[in-house]
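J.: Input file: query26.cif. Contents: mmCIF, C-alpha atoms and all ligand atoms.
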```cif
data_final
loop_
_atom_site.label_atom_id
_atom_site.label_comp_id
_atom_site.auth_asym_id
_atom_site.auth_seq_id
_atom_site.Cartn_x
_atom_site.Cartn_y
_atom_site.Cartn_z
CA MET X 7 -56.22 129.00 -63.86
CA LYS X 8 -55.68 128.66 -67.61
CA ALA X 9 -53.10 131.06 -69.01
CA ILE X 10 -50.86 131.61 -71.99
CA ILE X 11 -47.19 131.72 -71.00
CA VAL X 12 -43.91 132.53 -72.72
CA THR X 13 -40.51 131.36 -71.53
CA GLU X 14 -38.07 132.07 -74.33
CA GLN X 15 -37.63 135.37 -76.16
CA ALA X 16 -35.95 133.81 -79.19
CA ALA X 17 -39.08 131.76 -79.91
CA GLY X 18 -41.14 134.92 -80.44
CA ARG X 19 -44.91 134.59 -80.55
CA SER X 20 -44.70 130.96 -81.65
CA GLY X 21 -43.28 130.17 -78.20
CA MET X 22 -46.66 130.90 -76.57
CA LYS X 23 -48.14 127.93 -74.69
CA LEU X 24 -51.53 127.37 -73.06
CA THR X 25 -51.00 125.94 -69.59
CA GLU X 26 -52.20 125.96 -65.97
CA ARG X 27 -50.81 128.65 -63.62
CA PRO X 28 -51.58 129.47 -59.97
CA ASN X 29 -54.22 132.14 -59.45
CA PRO X 30 -52.50 135.49 -58.78
CA PRO X 31 -52.58 136.95 -55.24
CA ALA X 32 -53.80 140.53 -54.74
CA ALA X 33 -51.08 142.94 -53.53
CA ILE X 34 -51.68 146.30 -51.79
CA ASN X 35 -54.06 148.46 -53.86
CA ASP X 36 -54.68 145.61 -56.32
CA VAL X 37 -57.87 144.08 -57.50
CA ILE X 38 -58.26 140.60 -58.92
CA VAL X 39 -60.14 140.67 -62.21
CA GLN X 40 -61.82 137.67 -63.76
CA ILE X 41 -60.92 138.33 -67.36
CA HIS X 42 -63.64 138.14 -69.98
CA ALA X 43 -61.62 139.53 -72.90
CA SER X 44 -57.96 140.28 -73.46
CA GLY X 45 -55.96 142.30 -75.98
CA PHE X 46 -52.37 141.72 -77.11
CA VAL X 47 -49.86 143.95 -78.93
CA PRO X 48 -47.95 141.99 -81.60
CA THR X 49 -44.58 143.45 -80.54
CA GLU X 50 -44.81 142.33 -76.87
CA MET X 51 -42.18 139.62 -77.36
CA GLU X 52 -39.64 142.36 -78.14
CA TRP X 53 -40.26 144.33 -74.93
CA PRO X 54 -37.71 143.79 -72.10
CA SER X 55 -40.60 144.00 -69.59
CA THR X 56 -42.07 140.77 -70.98
CA TRP X 57 -38.95 138.93 -69.82
CA THR X 58 -37.56 140.72 -66.76
CA ASP X 59 -38.80 142.58 -63.70
CA ARG X 60 -37.94 146.17 -62.79
CA ARG X 61 -34.56 145.04 -61.43
CA ASP X 62 -33.82 143.25 -64.69
CA ARG X 63 -34.19 139.77 -63.17
CA ASP X 64 -35.70 136.98 -65.24
CA ARG X 65 -39.43 136.75 -64.57
CA THR X 66 -40.34 133.92 -66.91
CA PRO X 67 -42.62 132.13 -67.38
CA SER X 68 -44.55 135.33 -67.97
CA ILE X 69 -48.11 135.83 -69.12
CA PRO X 70 -48.36 138.28 -72.04
CA GLY X 71 -51.32 140.51 -72.97
CA HIS X 72 -51.85 143.90 -71.32
CA GLU X 73 -55.38 144.92 -72.18
CA LEU X 74 -58.36 143.51 -70.36
CA ALA X 75 -62.04 143.76 -69.70
CA GLY X 76 -63.67 141.73 -66.96
CA VAL X 77 -65.24 141.68 -63.51
CA VAL X 78 -63.60 142.43 -60.15
CA THR X 79 -63.64 139.33 -57.92
CA ALA X 80 -61.45 140.39 -54.97
CA LEU X 81 -59.76 143.46 -53.49
CA GLY X 82 -56.22 143.69 -52.09
CA TYR X 83 -55.25 145.34 -48.82
CA GLY X 84 -56.18 149.02 -48.81
CA THR X 85 -57.80 149.03 -52.25
CA THR X 86 -60.42 151.74 -52.76
CA GLY X 87 -62.41 153.03 -55.69
CA LEU X 88 -63.59 149.71 -57.17
CA SER X 89 -65.82 147.00 -55.76
CA VAL X 90 -66.30 143.25 -56.12
CA GLY X 91 -68.68 142.50 -59.00
CA GLN X 92 -67.86 145.70 -60.89
CA ARG X 93 -67.25 145.57 -64.65
CA VAL X 94 -63.88 147.13 -65.50
CA PHE X 95 -61.40 147.56 -68.32
CA GLY X 96 -57.84 148.82 -68.46
CA LEU X 97 -54.13 148.46 -69.00
CA ALA X 98 -52.02 145.94 -67.05
CA ASP X 99 -48.52 146.68 -65.75
CA TRP X 100 -45.81 145.86 -68.32
CA TYR X 101 -43.65 144.14 -65.68
CA ARG X 102 -46.33 141.90 -64.17
CA ASP X 103 -48.17 138.88 -65.47
CA GLY X 104 -50.68 140.00 -68.08
CA THR X 105 -54.15 139.29 -69.32
CA LEU X 106 -54.04 136.21 -71.53
CA ALA X 107 -55.34 134.28 -68.55
CA GLU X 108 -58.51 133.66 -66.58
CA TYR X 109 -57.47 136.07 -63.78
CA VAL X 110 -55.07 138.97 -63.33
CA ALA X 111 -53.86 140.91 -60.28
CA ILE X 112 -53.72 144.58 -61.22
CA GLU X 113 -53.53 147.93 -59.45
CA ALA X 114 -57.00 149.45 -59.20
CA ARG X 115 -55.73 152.76 -60.63
CA ASN X 116 -54.96 150.99 -63.94
CA LEU X 117 -58.66 150.29 -64.46
CA ALA X 118 -61.82 152.23 -65.21
CA PRO X 119 -65.46 151.15 -64.89
CA LEU X 120 -66.81 149.55 -68.07
CA PRO X 121 -70.38 150.67 -68.74
CA GLY X 122 -72.96 147.86 -68.73
CA ASP X 123 -73.85 148.37 -72.40
CA ILE X 124 -70.25 148.00 -73.66
CA ASP X 125 -69.26 144.46 -74.53
CA PHE X 126 -66.13 143.03 -72.88
CA THR X 127 -64.62 142.39 -76.33
CA VAL X 128 -64.95 146.09 -77.14
CA GLY X 129 -63.55 147.06 -73.73
CA ALA X 130 -60.47 144.91 -74.22
CA SER X 131 -59.73 146.47 -77.61
CA LEU X 132 -59.49 150.03 -76.28
CA PRO X 133 -56.84 150.50 -73.59
CA VAL X 134 -53.51 150.37 -75.47
CA SER X 135 -54.67 151.87 -78.75
CA GLY X 136 -57.05 154.41 -77.21
CA LEU X 137 -54.73 155.64 -74.47
CA THR X 138 -51.70 155.77 -76.78
CA ALA X 139 -53.60 157.88 -79.31
CA TRP X 140 -55.07 160.10 -76.60
CA GLN X 141 -51.76 160.74 -74.84
CA GLY X 142 -49.81 161.22 -78.07
CA LEU X 143 -52.29 163.69 -79.50
CA PHE X 144 -53.40 165.66 -76.47
CA ARG X 145 -50.76 165.35 -73.76
CA HIS X 146 -47.56 165.14 -75.80
CA GLY X 147 -48.62 166.56 -79.18
CA ARG X 148 -50.94 169.26 -77.80
CA VAL X 149 -53.03 169.13 -80.95
CA GLN X 150 -55.40 172.04 -81.59
CA ALA X 151 -58.40 172.46 -83.85
CA GLY X 152 -57.34 173.60 -87.32
CA GLN X 153 -53.93 171.91 -87.16
CA SER X 154 -52.82 169.20 -89.57
CA VAL X 155 -51.99 165.71 -88.34
CA LEU X 156 -50.10 163.04 -90.28
CA ALA X 157 -51.40 159.76 -88.82
CA HIS X 158 -49.16 156.90 -89.88
CA GLY X 159 -50.46 153.33 -90.04
CA ALA X 160 -53.98 154.73 -89.88
CA ALA X 161 -55.65 151.35 -90.52
CA GLY X 162 -53.81 149.82 -87.56
CA ALA X 163 -54.71 149.65 -83.88
CA VAL X 164 -53.18 152.93 -82.72
CA GLY X 165 -53.42 154.79 -86.05
CA SER X 166 -57.16 154.25 -86.40
CA MET X 167 -57.68 155.79 -82.94
CA VAL X 168 -55.32 158.68 -83.76
CA THR X 169 -57.26 159.36 -86.96
CA GLN X 170 -60.64 159.42 -85.25
CA LEU X 171 -59.62 161.42 -82.16
CA ALA X 172 -57.67 163.98 -84.18
CA ARG X 173 -60.59 164.44 -86.54
CA GLU X 174 -63.00 164.88 -83.64
CA ALA X 175 -60.63 167.48 -82.14
CA GLY X 176 -60.95 169.52 -85.33
CA ALA X 177 -57.64 168.65 -86.96
CA TYR X 178 -57.09 168.06 -90.69
CA VAL X 179 -56.03 164.41 -90.82
CA ILE X 180 -53.84 162.76 -93.43
CA GLY X 181 -53.79 159.02 -92.84
CA THR X 182 -51.15 156.70 -94.28
CA GLY X 183 -50.80 152.98 -94.84
CA ARG X 184 -50.66 150.34 -97.55
CA ALA X 185 -52.64 150.67 -100.79
CA ALA X 186 -55.27 148.20 -99.57
CA ASP X 187 -55.95 150.37 -96.49
CA ARG X 188 -57.21 153.45 -98.36
CA GLN X 189 -60.95 152.87 -97.91
CA LYS X 190 -60.64 151.81 -94.29
CA VAL X 191 -58.56 154.87 -93.39
CA LEU X 192 -61.02 157.23 -95.08
CA GLU X 193 -63.87 155.50 -93.23
CA PHE X 194 -62.09 156.17 -89.94
CA GLY X 195 -62.33 159.84 -90.85
CA ALA X 196 -59.07 160.82 -92.54
CA HIS X 197 -59.48 163.73 -94.95
CA GLU X 198 -56.77 162.31 -97.23
CA PHE X 199 -54.90 159.05 -97.63
CA VAL X 200 -51.24 158.58 -98.55
CA ASP X 201 -50.23 155.12 -99.81
CA LEU X 202 -46.70 154.78 -98.43
CA ASP X 203 -45.65 152.32 -101.16
CA ASN X 204 -46.88 154.31 -104.15
CA ASP X 205 -47.54 157.96 -103.26
CA ALA X 206 -44.87 160.56 -102.50
CA LEU X 207 -44.94 161.55 -98.85
CA GLU X 208 -42.94 164.59 -99.89
CA ASP X 209 -45.96 165.95 -101.80
CA ILE X 210 -47.52 166.96 -98.51
CA GLY X 211 -46.07 169.59 -96.22
CA GLY X 212 -46.78 172.06 -93.47
CA ILE X 213 -47.73 169.37 -90.96
CA ASP X 214 -48.24 170.40 -87.34
CA LEU X 215 -48.12 166.92 -85.81
CA VAL X 216 -46.68 163.68 -87.14
CA PHE X 217 -47.89 160.65 -85.16
CA ASP X 218 -45.38 157.95 -85.99
CA VAL X 219 -46.10 154.25 -85.41
CA ILE X 220 -43.59 152.95 -87.99
CA GLY X 221 -40.15 154.54 -87.42
CA GLY X 222 -37.05 154.27 -89.62
CA ASP X 223 -37.01 155.91 -93.02
CA ILE X 224 -40.72 156.83 -92.88
CA GLN X 225 -40.07 158.74 -89.65
CA LYS X 226 -37.04 160.57 -91.05
CA ARG X 227 -38.93 161.63 -94.18
CA SER X 228 -41.94 162.67 -92.09
CA ALA X 229 -39.87 164.87 -89.78
CA ARG X 230 -39.00 167.02 -92.81
CA LEU X 231 -42.68 167.73 -93.45
CA ILE X 232 -43.20 169.41 -90.07
CA ARG X 233 -43.71 173.14 -90.04
CA ALA X 234 -41.92 175.47 -87.60
CA GLY X 235 -43.16 174.88 -84.08
CA GLY X 236 -44.61 171.47 -84.96
CA THR X 237 -44.10 168.12 -83.25
CA LEU X 238 -43.03 164.60 -84.10
CA VAL X 239 -44.60 162.11 -81.69
CA SER X 240 -43.09 158.63 -81.87
CA ILE X 241 -44.34 155.50 -80.15
CA VAL X 242 -41.64 153.22 -81.60
CA GLY X 243 -38.71 154.31 -79.45
CA PRO X 244 -36.52 157.40 -79.31
CA ALA X 245 -37.02 159.55 -82.40
CA GLU X 246 -34.25 159.06 -84.96
CA ALA X 247 -35.10 162.35 -86.63
CA ARG X 248 -36.00 165.80 -85.38
CA PRO X 249 -38.05 168.46 -87.09
CA ALA X 250 -35.76 171.35 -88.09
CA ASP X 251 -37.63 173.80 -85.89
CA GLY X 252 -39.87 171.76 -83.64
CA LEU X 253 -40.09 169.06 -81.01
CA ALA X 254 -39.55 165.31 -81.14
CA ILE X 255 -41.18 163.27 -78.37
CA ASP X 256 -41.31 159.56 -77.71
CA PHE X 257 -43.29 157.99 -74.90
CA VAL X 258 -44.73 154.77 -73.56
CA VAL X 259 -48.45 154.73 -72.87
CA GLU X 260 -49.59 154.87 -69.24
CA ALA X 261 -52.82 153.75 -67.61
CA ASP X 262 -55.18 156.62 -66.85
CA ARG X 263 -58.67 156.12 -65.48
CA ALA X 264 -60.00 159.52 -66.56
CA GLN X 265 -58.76 159.03 -70.12
CA LEU X 266 -60.17 155.49 -70.30
CA THR X 267 -63.50 156.95 -69.24
CA GLU X 268 -63.33 159.62 -71.96
CA ILE X 269 -62.50 156.97 -74.54
CA VAL X 270 -65.32 154.59 -73.63
CA LEU X 271 -67.77 157.50 -73.52
CA ARG X 272 -66.92 158.20 -77.16
CA VAL X 273 -67.46 154.55 -78.08
CA ARG X 274 -70.85 154.60 -76.38
CA ASP X 275 -72.07 157.68 -78.19
CA GLY X 276 -70.68 156.61 -81.56
CA ARG X 277 -67.86 159.14 -81.89
CA LEU X 278 -65.21 156.41 -81.76
CA ARG X 279 -65.25 153.07 -83.57
CA THR X 280 -63.26 150.03 -82.54
CA ASN X 281 -60.89 148.27 -84.92
CA ILE X 282 -61.50 144.62 -84.04
CA GLY X 283 -60.51 141.97 -86.56
CA ASN X 284 -60.47 138.44 -85.22
CA VAL X 285 -62.06 137.29 -81.95
CA SER X 286 -60.81 133.97 -80.63
CA THR X 287 -61.05 131.83 -77.48
CA LEU X 288 -58.21 131.33 -74.97
CA ASP X 289 -57.95 127.71 -76.17
CA ASP X 290 -57.31 128.95 -79.73
CA ALA X 291 -55.31 132.03 -78.73
CA VAL X 292 -51.86 130.73 -79.68
CA ALA X 293 -52.95 130.15 -83.29
CA ALA X 294 -54.94 133.39 -83.43
CA LEU X 295 -51.96 135.42 -82.21
CA ASN X 296 -49.65 133.75 -84.75
CA PRO X 297 -51.57 134.54 -87.92
CA THR X 298 -50.35 133.13 -91.21
CA LYS X 299 -51.73 136.02 -93.21
CA ARG X 300 -51.84 139.78 -92.74
CA ARG X 301 -53.75 140.81 -89.64
CA ARG X 302 -56.56 143.30 -90.22
CA GLY X 303 -57.69 144.96 -87.02
CA ASN X 304 -57.02 143.94 -83.41
CA THR X 305 -57.15 140.31 -82.38
CA ILE X 306 -59.14 139.98 -79.17
CA ILE X 307 -59.10 136.86 -77.04
CA ARG X 308 -62.49 136.16 -75.51
CA VAL X 309 -61.44 134.37 -72.31
CA ARG X 310 -64.99 133.72 -71.06
CA PRO X 311 -67.81 133.11 -73.53
N1 LIG O 1 -44.98 153.51 -77.11
C1 LIG O 1 -46.17 153.02 -76.84
O1 LIG O 1 -46.73 153.28 -75.80
C2 LIG O 1 -46.85 152.10 -77.82
C3 LIG O 1 -48.21 151.81 -77.67
C4 LIG O 1 -48.85 151.02 -78.62
C5 LIG O 1 -48.14 150.53 -79.70
N2 LIG O 1 -46.82 150.81 -79.81
C6 LIG O 1 -46.04 150.36 -80.99
O2 LIG O 1 -46.56 151.04 -82.12
C7 LIG O 1 -46.46 150.22 -83.27
C8 LIG O 1 -47.82 150.13 -83.94
O3 LIG O 1 -48.70 149.45 -83.09
P1 LIG O 1 -50.16 149.03 -83.57
O4 LIG O 1 -50.70 148.15 -82.50
O5 LIG O 1 -50.91 150.20 -84.03
O6 LIG O 1 -49.78 148.10 -84.82
P2 LIG O 1 -50.70 147.68 -86.05
O7 LIG O 1 -52.11 147.47 -85.61
O8 LIG O 1 -49.97 146.58 -86.75
O9 LIG O 1 -50.70 148.99 -86.96
C9 LIG O 1 -49.61 149.44 -87.69
C10 LIG O 1 -50.12 149.83 -89.07
O10 LIG O 1 -49.06 150.45 -89.80
C11 LIG O 1 -48.91 149.80 -91.04
N3 LIG O 1 -47.52 149.86 -91.48
C12 LIG O 1 -46.42 149.47 -90.78
N4 LIG O 1 -45.32 149.68 -91.50
C13 LIG O 1 -45.72 150.20 -92.69
C14 LIG O 1 -45.04 150.61 -93.85
N5 LIG O 1 -43.71 150.55 -93.95
N6 LIG O 1 -45.77 151.10 -94.88
C15 LIG O 1 -47.12 151.16 -94.79
N7 LIG O 1 -47.83 150.79 -93.72
C16 LIG O 1 -47.13 150.31 -92.68
C17 LIG O 1 -49.32 148.37 -90.76
O11 LIG O 1 -49.60 147.67 -91.94
P3 LIG O 1 -49.14 146.11 -92.02
O12 LIG O 1 -49.99 145.40 -91.04
O13 LIG O 1 -49.42 145.73 -93.43
O14 LIG O 1 -47.68 146.08 -91.68
C18 LIG O 1 -50.54 148.59 -89.88
O15 LIG O 1 -51.70 148.90 -90.61
C19 LIG O 1 -45.92 148.88 -82.78
O16 LIG O 1 -44.52 148.87 -83.00
C20 LIG O 1 -46.21 148.89 -81.30
O17 LIG O 1 -45.31 148.13 -80.55
C21 LIG O 1 -46.16 151.59 -78.91
#
```
Write the structure described by the file as structure tokens, please.
T.:
Amino acid sequence: MKAIIVTEQAAGRSGMKLTERPNPPAAINDVIVQIHASGFVPTEMEWPSTWTDRRDRDRTPSIPGHELAGVVTALGYGTTGLSVGQRVFGLADWYRDGTLAEYVAIEARNLAPLPGDIDFTVGASLPVSGLTAWQGLFRHGRVQAGQSVLAHGAAGAVGSMVTQLAREAGAYVIGTGRAADRQKVLEFGAHEFVDLDNDALEDIGGIDLVFDVIGGDIQKRSARLIRAGGTLVSIVGPAEARPADGLAIDFVVEADRAQLTEIVLRVRDGRLRTNIGNVSTLDDAVAALNPTKRRRGNTIIRVRP
């Protein structure tokens, strides 16, 4: 099959190469998915799991990309719950070969059915950003209607989902980003926008939940805005700052079929919008994933036309 591989961490994203790889075999409880569309997180080259297996042994050449939408073509030993020919979407294991390829072997539990009226490109744009926002807001942040949420990077992949889901849950949402992102963030449903380069973050206060996708100084300053009993949720590693009288939580997103189903339901009925920028073919993926100018929205690789 055709696949994008990486072999050398120091080369970063520019080390991606389109090549031929053997088709993956299905393990116990796996399905094989013929990939129609694939999503990629720009920081994947920094993750240890891109380079090593769970015992920390080199696993290169590895295939990056962890979001997919496609069609099941085979079932592994013992696999239940999905069938050959079914349209699916989901989140691939961090430590296994990923989705920038024509086929992937993936545990069935990492996938959910993709409704027939949802395009594969849309399906591939949802798993990482949708599940991360869902789990950060509802499982870890326990957001409630009437609370205030500071959604950092609200024009980005995760932040745009955080903004929309928090708003739908009845929260008051303050989205942040660069000056040029103001309109986009307000269109995703933020009540207010804070331009991190020009506005004073310190002018806002009494936040119940900070959803941090940036880290560093922005995170430290944001932790001070949290009211007693509030929560800092970080997705960029262990929190460097704690709210004075609240919780700090960091987590890595997990596959969850029920949550994927909730997310795609919202896309179908118009409550949730995708944030897709560029759509490219697998042949052009290396260039598309190494953009020369600022990326706006998710880049999705359409593996099959
Ligand atoms: N723990 C997890 O499970 C998990 C899951 C998903 C993602 N992540 C991590 O979360 C981070 C965000 O992911 P993403 O896919 O949402 O990225 P993204 O699409 O690039 O979104 C990040 C947004 O934040 C903005 N931003 C970053 N730094 C900023 C700053 N200093 N001032 C103003 N705006 C700033 C970016 O603007 P620019 O494009 O202009 O920089 C962009 O709009 C990444 O580090 C990713 O690895 C973690």
J.: May I have the residues within 6 Å of ligand LIG 1 (chain O), computed using only C-alpha atoms and all ligand atoms, as a PyMOL selection string?
T.: chain X and resi 47+49+134-135+138+159+161-165+183-184+202+219-220+241-242+257-259
J.: Around the point (-57.7, 146.5, -71.5) in the file's coordinates, collect all residues with an atom within 10 Å, using all atoms listed in the file, and return them as a PyMOL selection string.
T.: chain X and resi 41+43-46+71-76+94-98+105+116-118+126-136+261+266
J.: What gap, in Å, lies between CA of His197 in chain X and CA of Arg173 in chain X?
T.: 8.5 Å
J.: Just to confirm, what's the straight-line distance from CA of Asp214 in chain X to CA of Ala172 in chain X in Å (one decimal)?
T.: 11.8 Å
J.: Considering all atoms listed in the file, state which residue in the set X:Gln15, X:Gly84, X:Asn284, X:Ile210 is at the smallest distance from Pro54 in chain X.
T.: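 So, comparing all the options, the nearest one is X:Gln15.
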J.: What's the separation between CA of Trp53 in chain X and CA of Phe194 in chain X, in Å to one decimal place?
T.: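 Between CA of Trp53 in chain X and CA of Phe194 in chain X the gap is 29.0 Å.
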J.: Please list as a PyMOL selection string every residue within 7 Å of Asn281 in chain X, counting only C-alpha atoms and excluding residues in the same chain fewer than 2 positions away.
T.: chain X and resi 163+279+283+303-304
J.: Excluding same-chain residues fewer than 2 positions from Asn296 in chain X, what lies within 8 Å of it counting only C-alpha atoms, as a list in words?
T.: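 Listed by chain and then number, they are Arg19, Ser20, Val292, Ala293, Ala294 and Thr298 of chain X.
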J.: Given the selection you just returned, output its residues as a file containing C-alpha atoms, formatted as a compact mmCIF listing (two decimals), keeping the file's coordinate frame.
T.:
```
# COMPACT_ATOMS: atom_id res chain seq x y z
CA ARG X 19 -44.91 134.59 -80.55
CA SER X 20 -44.70 130.96 -81.65
CA VAL X 292 -51.86 130.73 -79.68
CA ALA X 293 -52.95 130.15 -83.29
CA ALA X 294 -54.94 133.39 -83.43
CA THR X 298 -50.35 133.13 -91.21
```
J.: Quick one: everything within 6 Å of Ala80 in chain X, counting all atoms listed in the file, minus sequence neighbours fewer than 6 positions away in the same chain. Send it as a list in words.
T.: Val37, Ile38 and Val90 of chain X
J.: Those residues with C-alpha atoms, as a PDB file, keeping the file's coordinate frame please?
T.:
```pdb
ATOM      1  CA  VAL X  37     -57.870 144.080 -57.500  1.00  0.00           C
ATOM      2  CA  ILE X  38     -58.260 140.600 -58.920  1.00  0.00           C
ATOM      3  CA  VAL X  90     -66.300 143.250 -56.120  1.00  0.00           C
TER       4      VAL X  90
END
```
